[in-house]
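So the structure is just underneath, and the comments pick up after that.
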Amino acid sequence: MSPRTPLTHKRIFRVSSRDLEQAGTVSTEVRRDLLSLGANPDVVRRAGVVCFEGEMNIVLYSNGGRIILIVREDRVELLFSDRGPGIADIDLVSQPGYSTAPDWARELGFGAGLGISNMEQNSDLFKIRSRVGAGTVVRATILLGVPFF
Amino acid sequence: MKLCEIAALLDARFVTGADQAEREATRTFAADLLSDVLAMVREERVLLITGTVTPQVVRVAEVMNMGAVLFVRGKLPTATTVEYATGAGVPLLAAARDMYETCGILYRAGLLPAKRKGLPMDHVPPDPPHP
Amino acid sequence: MNTKTVVAKVALEVLVAVDLAREVRGGYCSDLLSDVLAHAKSGDLWITHQRHLNVIAVGKLRDVAGVVFARGLCPSQDVISRAVAERMNLFLSTEPAFEVAGRLHRALHP
């Protein structure tokens, strides 16, 4: 494993379950941080999409959790962790179009079933780990200086 | 087309961002489901046509650097959302017409659909759920 | 205009064809089921990104001429089977909803 490159910036955000007033605010903050760090617009946009989807998943489907933004010289990392309920079948929920959104969420424009797919599409490295009854951790990495098609 | 021209065509009004009335929008994307917007839109200054009026719509528009949001079906966002959009510099318009008619009118007027990369999931049916 | 002609003019792929002679009187664009329930009219061609099984029930309740899934978002087999059982036309377009709506509008109001 290569030595970790120096840390430029780190920030931890709390995300509350079902708080639709605040949902999306972390994405805005992450974008702001990255812009002020001079990240290129493409990275800012991708990080914004990843963060928005990850944040919405914590708000809609979990018991609450947090998002950690880590910026290193060579990468931007977003870690999403929640306190449950956990995902039984990660492959299933990762399928585009599959959604467990309740009806009230669908009526608010959520539940397209593309959240994880959107996160993956905008990351260079992506990993989900989960345990039912415990929680879920998602790690999305955008590598800086790597061409993205 | 300029936002003010779009508004005139649809009998729509500016809820906020009227100072951006001269802003050009050549492409548009119509959806109520937010993740579709995040998946589809690849360029900037796209006009979003939607009936979803949650604050997240404005945040999505911000994340995707969209040109403006047009709410259809006579739907209006809350004052808090409008305030946020004003601060974020996202013009909001509102039309009483439904989405189909709005799309029809703008399509005939020459507005183009937002371009996007073909995503691997397009045109591939989702796998059947595991037993 | 009957469904078969609309399908040709708008360039739709047919997933389920139970009644292509059905008259299409208009279009309705929405992903929000409550909105469709409130406003879609009988004979409308419903254009959506929503692939939930409820789409079939809602479309049936509003007696739509058919449902078009936009941007290549093909529904799962159980949605297709339900459409067959409920006798609902289903179509697929690789084009985004805006394009589908635009073409439909132009076809119905030349």
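Quick note on naming: the chains in the structure tokens go A, B, ... in the order shown, residues restart at 1 in each chain, and ligands are numbered from 1 in order of appearance.
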Given only C-alpha atoms, how would the per-residue table for region 53-98 of chain B near region 32-48 of chain B read, listing every residue at most 7 Å away with its closest atom pair and distance in Å to one decimal, sorted by chain and number, as CSV?
residue,atom,partner,partner_atom,distance
B:Val57,CA,B:Leu34,CA,6.9
B:Met64,CA,B:Glu44,CA,6.9
B:Asn65,CA,B:Glu44,CA,5.4
B:Met66,CA,B:Arg45,CA,4.4
B:Gly67,CA,B:Arg45,CA,3.7
B:Ala68,CA,B:Leu47,CA,5.1
B:Val69,CA,B:Leu48,CA,4.7
B:Leu70,CA,B:Leu48,CA,6.0
**OP:** Write out as a ChimeraX atom specification the residues lying within 10 Å of Asp103 (chain A), counting only C-alpha atoms and excluding same-chain residues fewer than 4 positions away.
**Re:** /A:107-108,110-111 /C:32-34,54
Write out the residues from the selection above, keeping N, CA and C atoms, as an mmCIF file, in the first residue's frame.
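result_10.cif, freshly written:
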data_model
loop_
_atom_site.group_PDB
_atom_site.id
_atom_site.type_symbol
_atom_site.label_atom_id
_atom_site.label_comp_id
_atom_site.auth_asym_id
_atom_site.auth_seq_id
_atom_site.Cartn_x
_atom_site.Cartn_y
_atom_site.Cartn_z
ATOM 1 N N GLU A 107 -42.907 10.811 -3.802
ATOM 2 C CA GLU A 107 -43.698 11.996 -4.129
ATOM 3 C C GLU A 107 -42.891 13.274 -4.011
ATOM 4 N N LEU A 108 -41.704 13.177 -3.432
ATOM 5 C CA LEU A 108 -40.850 14.358 -3.282
ATOM 6 C C LEU A 108 -39.703 14.343 -4.283
ATOM 7 N N PHE A 110 -37.717 11.683 -4.948
ATOM 8 C CA PHE A 110 -36.667 10.717 -4.652
ATOM 9 C C PHE A 110 -37.091 9.336 -5.123
ATOM 10 N N GLY A 111 -36.171 8.386 -4.971
ATOM 11 C CA GLY A 111 -36.552 7.022 -5.293
ATOM 12 C C GLY A 111 -36.412 6.633 -6.751
ATOM 13 N N LEU C 32 -44.313 11.785 -10.709
ATOM 14 C CA LEU C 32 -44.948 11.783 -9.390
ATOM 15 C C LEU C 32 -46.344 11.177 -9.508
ATOM 16 N N LEU C 33 -46.508 10.020 -8.869
ATOM 17 C CA LEU C 33 -47.744 9.251 -9.055
ATOM 18 C C LEU C 33 -48.981 10.004 -8.585
ATOM 19 N N SER C 34 -48.861 10.753 -7.497
ATOM 20 C CA SER C 34 -50.036 11.481 -7.013
ATOM 21 C C SER C 34 -50.460 12.539 -8.025
ATOM 22 N N ASN C 54 -46.046 0.362 -9.173
ATOM 23 C CA ASN C 54 -47.264 1.178 -9.045
ATOM 24 C C ASN C 54 -47.625 1.940 -10.310
#
**OP:** Going by DSSP on the backbone, which bits of region 37-149 of chain A are strand (DSSP E or B)? Write them as an MDAnalysis selection string, please.
**Re:** chainID A and resid 65:72 75:82 125:131 135:143
Put those residues in a file: C-alpha atoms, as a compact mmCIF listing (two decimals), in the first residue's frame.
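Final output, saved to selection20.txt:
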# COMPACT_ATOMS: atom_id res chain seq x y z
CA GLY A 65 -24.83 9.28 10.35
CA ARG A 66 -21.99 11.42 9.13
CA ILE A 67 -20.05 12.45 6.08
CA ILE A 68 -16.31 12.98 6.16
CA LEU A 69 -14.60 15.04 3.50
CA ILE A 70 -10.89 14.35 3.14
CA VAL A 71 -8.78 16.23 0.65
CA ARG A 72 -5.25 15.08 -0.03
CA ARG A 75 -7.43 12.83 -4.15
CA VAL A 76 -10.75 13.90 -2.74
CA GLU A 77 -12.43 11.34 -0.55
CA LEU A 78 -15.95 11.26 0.77
CA LEU A 79 -16.85 8.80 3.49
CA PHE A 80 -20.46 8.22 4.39
CA SER A 81 -21.27 6.23 7.48
CA ASP A 82 -24.56 5.58 9.20
CA LEU A 125 -12.77 4.32 -6.58
CA PHE A 126 -15.93 3.22 -4.83
CA LYS A 127 -16.72 0.78 -2.05
CA ILE A 128 -19.76 -0.03 0.09
CA ARG A 129 -19.66 -2.11 3.24
CA SER A 130 -22.68 -2.86 5.35
CA ARG A 131 -23.99 -5.03 8.12
CA GLY A 135 -24.85 0.27 9.62
CA THR A 136 -23.29 1.12 6.29
CA VAL A 137 -20.06 2.75 5.19
CA VAL A 138 -19.55 4.13 1.70
CA ARG A 139 -16.21 5.36 0.48
CA ALA A 140 -15.94 7.32 -2.75
CA THR A 141 -12.64 8.60 -4.09
CA ILE A 142 -12.00 11.10 -6.84
CA LEU A 143 -8.40 10.97 -7.98
Original post:
Could you list, as a PyMOL selection string, every residue of chain C that has an atom within 9 Å of an atom of chain A, counting only C-alpha atoms?
Top reply: chain C and resi 31-35+49-52+73-76
Could you take the residues named above and write them with N, CA and C atoms, as a PDB file, in the first residue's frame?
ATOM      1  N   ASP C  31     -43.282  12.163 -13.097  1.00  0.00           N
ATOM      2  CA  ASP C  31     -42.718  11.027 -12.368  1.00  0.00           C
ATOM      3  C   ASP C  31     -43.399  10.870 -11.016  1.00  0.00           C
ATOM      4  N   LEU C  32     -44.313  11.785 -10.709  1.00  0.00           N
ATOM      5  CA  LEU C  32     -44.948  11.783  -9.390  1.00  0.00           C
ATOM      6  C   LEU C  32     -46.344  11.177  -9.508  1.00  0.00           C
ATOM      7  N   LEU C  33     -46.508  10.020  -8.869  1.00  0.00           N
ATOM      8  CA  LEU C  33     -47.744   9.251  -9.055  1.00  0.00           C
ATOM      9  C   LEU C  33     -48.981  10.004  -8.585  1.00  0.00           C
ATOM     10  N   SER C  34     -48.861  10.753  -7.497  1.00  0.00           N
ATOM     11  CA  SER C  34     -50.036  11.481  -7.013  1.00  0.00           C
ATOM     12  C   SER C  34     -50.460  12.539  -8.025  1.00  0.00           C
ATOM     13  N   ASP C  35     -49.480  13.123  -8.684  1.00  0.00           N
ATOM     14  CA  ASP C  35     -49.752  14.125  -9.699  1.00  0.00           C
ATOM     15  C   ASP C  35     -50.466  13.504 -10.902  1.00  0.00           C
ATOM     16  N   HIS C  49     -40.005   8.628 -15.929  1.00  0.00           N
ATOM     17  CA  HIS C  49     -38.750   7.967 -15.565  1.00  0.00           C
ATOM     18  C   HIS C  49     -39.006   6.972 -14.440  1.00  0.00           C
ATOM     19  N   GLN C  50     -40.211   6.982 -13.923  1.00  0.00           N
ATOM     20  CA  GLN C  50     -40.561   6.165 -12.763  1.00  0.00           C
ATOM     21  C   GLN C  50     -40.756   4.721 -13.203  1.00  0.00           C
ATOM     22  N   ARG C  51     -40.047   3.777 -12.560  1.00  0.00           N
ATOM     23  CA  ARG C  51     -40.156   2.380 -13.027  1.00  0.00           C
ATOM     24  C   ARG C  51     -40.784   1.467 -11.986  1.00  0.00           C
ATOM     25  N   HIS C  52     -41.333   2.066 -10.984  1.00  0.00           N
ATOM     26  CA  HIS C  52     -41.976   1.347  -9.884  1.00  0.00           C
ATOM     27  C   HIS C  52     -43.202   0.575 -10.380  1.00  0.00           C
ATOM     28  N   LEU C  73     -34.767   3.827 -19.888  1.00  0.00           N
ATOM     29  CA  LEU C  73     -34.935   3.235 -18.564  1.00  0.00           C
ATOM     30  C   LEU C  73     -35.948   2.094 -18.637  1.00  0.00           C
ATOM     31  N   CYS C  74     -35.475   0.951 -19.047  1.00  0.00           N
ATOM     32  CA  CYS C  74     -36.389  -0.174 -19.216  1.00  0.00           C
ATOM     33  C   CYS C  74     -36.844  -0.708 -17.860  1.00  0.00           C
ATOM     34  N   PRO C  75     -38.136  -0.930 -17.681  1.00  0.00           N
ATOM     35  CA  PRO C  75     -38.619  -1.462 -16.404  1.00  0.00           C
ATOM     36  C   PRO C  75     -38.286  -2.945 -16.264  1.00  0.00           C
ATOM     37  N   SER C  76     -38.403  -3.449 -15.053  1.00  0.00           N
ATOM     38  CA  SER C  76     -38.080  -4.851 -14.804  1.00  0.00           C
ATOM     39  C   SER C  76     -39.170  -5.769 -15.343  1.00  0.00           C
TER      40      SER C  76
END
Subject >> Expected answer as an MDAnalysis selection string: alpha helix (DSSP H) residues in chain B >> reply: chainID B and resid 3:10 34:40 55:63 79:88 99:108
**OP:** For chain A, report every residue with an atom at most 10 Å from chain B (counting only C-alpha atoms), formatted as a ChimeraX atom specification.
**Re:** /A:20-25,27-28,31,41,44-53,56,89,91-93,95-98,106-119,121-122,149
Subject >> Minimum-distance residue to chain C, chosen among B:Leu10, B:Leu112, B:Ala61, B:Cys4 (using only C-alpha atoms) >> reply: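 Answer, going by the shortest atom-to-atom distance: B:Leu112.
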**OP:** For chain B, work out the contacting residues on chain C at 12 Å, counting only C-alpha atoms, and write them as a PyMOL selection string.
**Re:** chain C and resi 13+15+26-36+38-40+44-52+69-80+92-110
Original post:
Which neighbours of Leu3 (chain B) fall inside 10 Å, counting only C-alpha atoms, when residues of the same chain fewer than 2 positions from it are skipped, and could you give them as a list in words?
Top reply: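 Returned residues: Met1, Glu5, Ile6, Ala7, Ala8, Leu9, Ala12, Arg13, Phe14, Ala18, Gln20, Ala21, Glu22, Arg23, Glu24, Ala25, Thr26, Leu47, Gly67, Ala68, Leu70, Pro91, Leu92 and Leu93 of chain B.
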Original post:
What is the CA of Tyr84 (chain B)-CA of Asp11 (chain B) distance in Å, reported with one decimal?
Top reply: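 Value for the CA of Tyr84 (chain B)-CA of Asp11 (chain B) distance: 24.1 Å.
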Original post:
Quick one: residues within 12 Å of Ser81 (chain C), only C-alpha atoms counted, chain neighbours fewer than 3 positions away excluded, as number ranges by chain?
Top reply: C: 15-18, 53, 56, 75-78, 84-90
Residues of the last selection are to be written out with C-alpha atoms, as a PDB file, in the first residue's frame.
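Below you can see out.pdb, which holds the result:
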ATOM      1  CA  LEU C  15     -42.401  -3.386 -24.843  1.00  0.00           C
ATOM      2  CA  VAL C  16     -46.032  -4.424 -24.420  1.00  0.00           C
ATOM      3  CA  ALA C  17     -48.623  -3.998 -27.169  1.00  0.00           C
ATOM      4  CA  VAL C  18     -52.126  -4.870 -26.059  1.00  0.00           C
ATOM      5  CA  LEU C  53     -44.633  -1.367 -10.148  1.00  0.00           C
ATOM      6  CA  ILE C  56     -49.089   0.158 -13.958  1.00  0.00           C
ATOM      7  CA  PRO C  75     -38.619  -1.462 -16.404  1.00  0.00           C
ATOM      8  CA  SER C  76     -38.080  -4.851 -14.804  1.00  0.00           C
ATOM      9  CA  GLN C  77     -39.781  -8.022 -15.927  1.00  0.00           C
ATOM     10  CA  ASP C  78     -42.395  -7.933 -13.183  1.00  0.00           C
ATOM     11  CA  VAL C  84     -49.539  -7.566 -19.880  1.00  0.00           C
ATOM     12  CA  ALA C  85     -51.911  -8.799 -17.186  1.00  0.00           C
ATOM     13  CA  GLU C  86     -53.549  -5.390 -16.809  1.00  0.00           C
ATOM     14  CA  ARG C  87     -53.624  -4.823 -20.572  1.00  0.00           C
ATOM     15  CA  MET C  88     -51.539  -1.684 -20.601  1.00  0.00           C
ATOM     16  CA  ASN C  89     -49.374  -0.598 -23.542  1.00  0.00           C
ATOM     17  CA  LEU C  90     -45.746  -0.029 -22.571  1.00  0.00           C
TER      18      LEU C  90
END
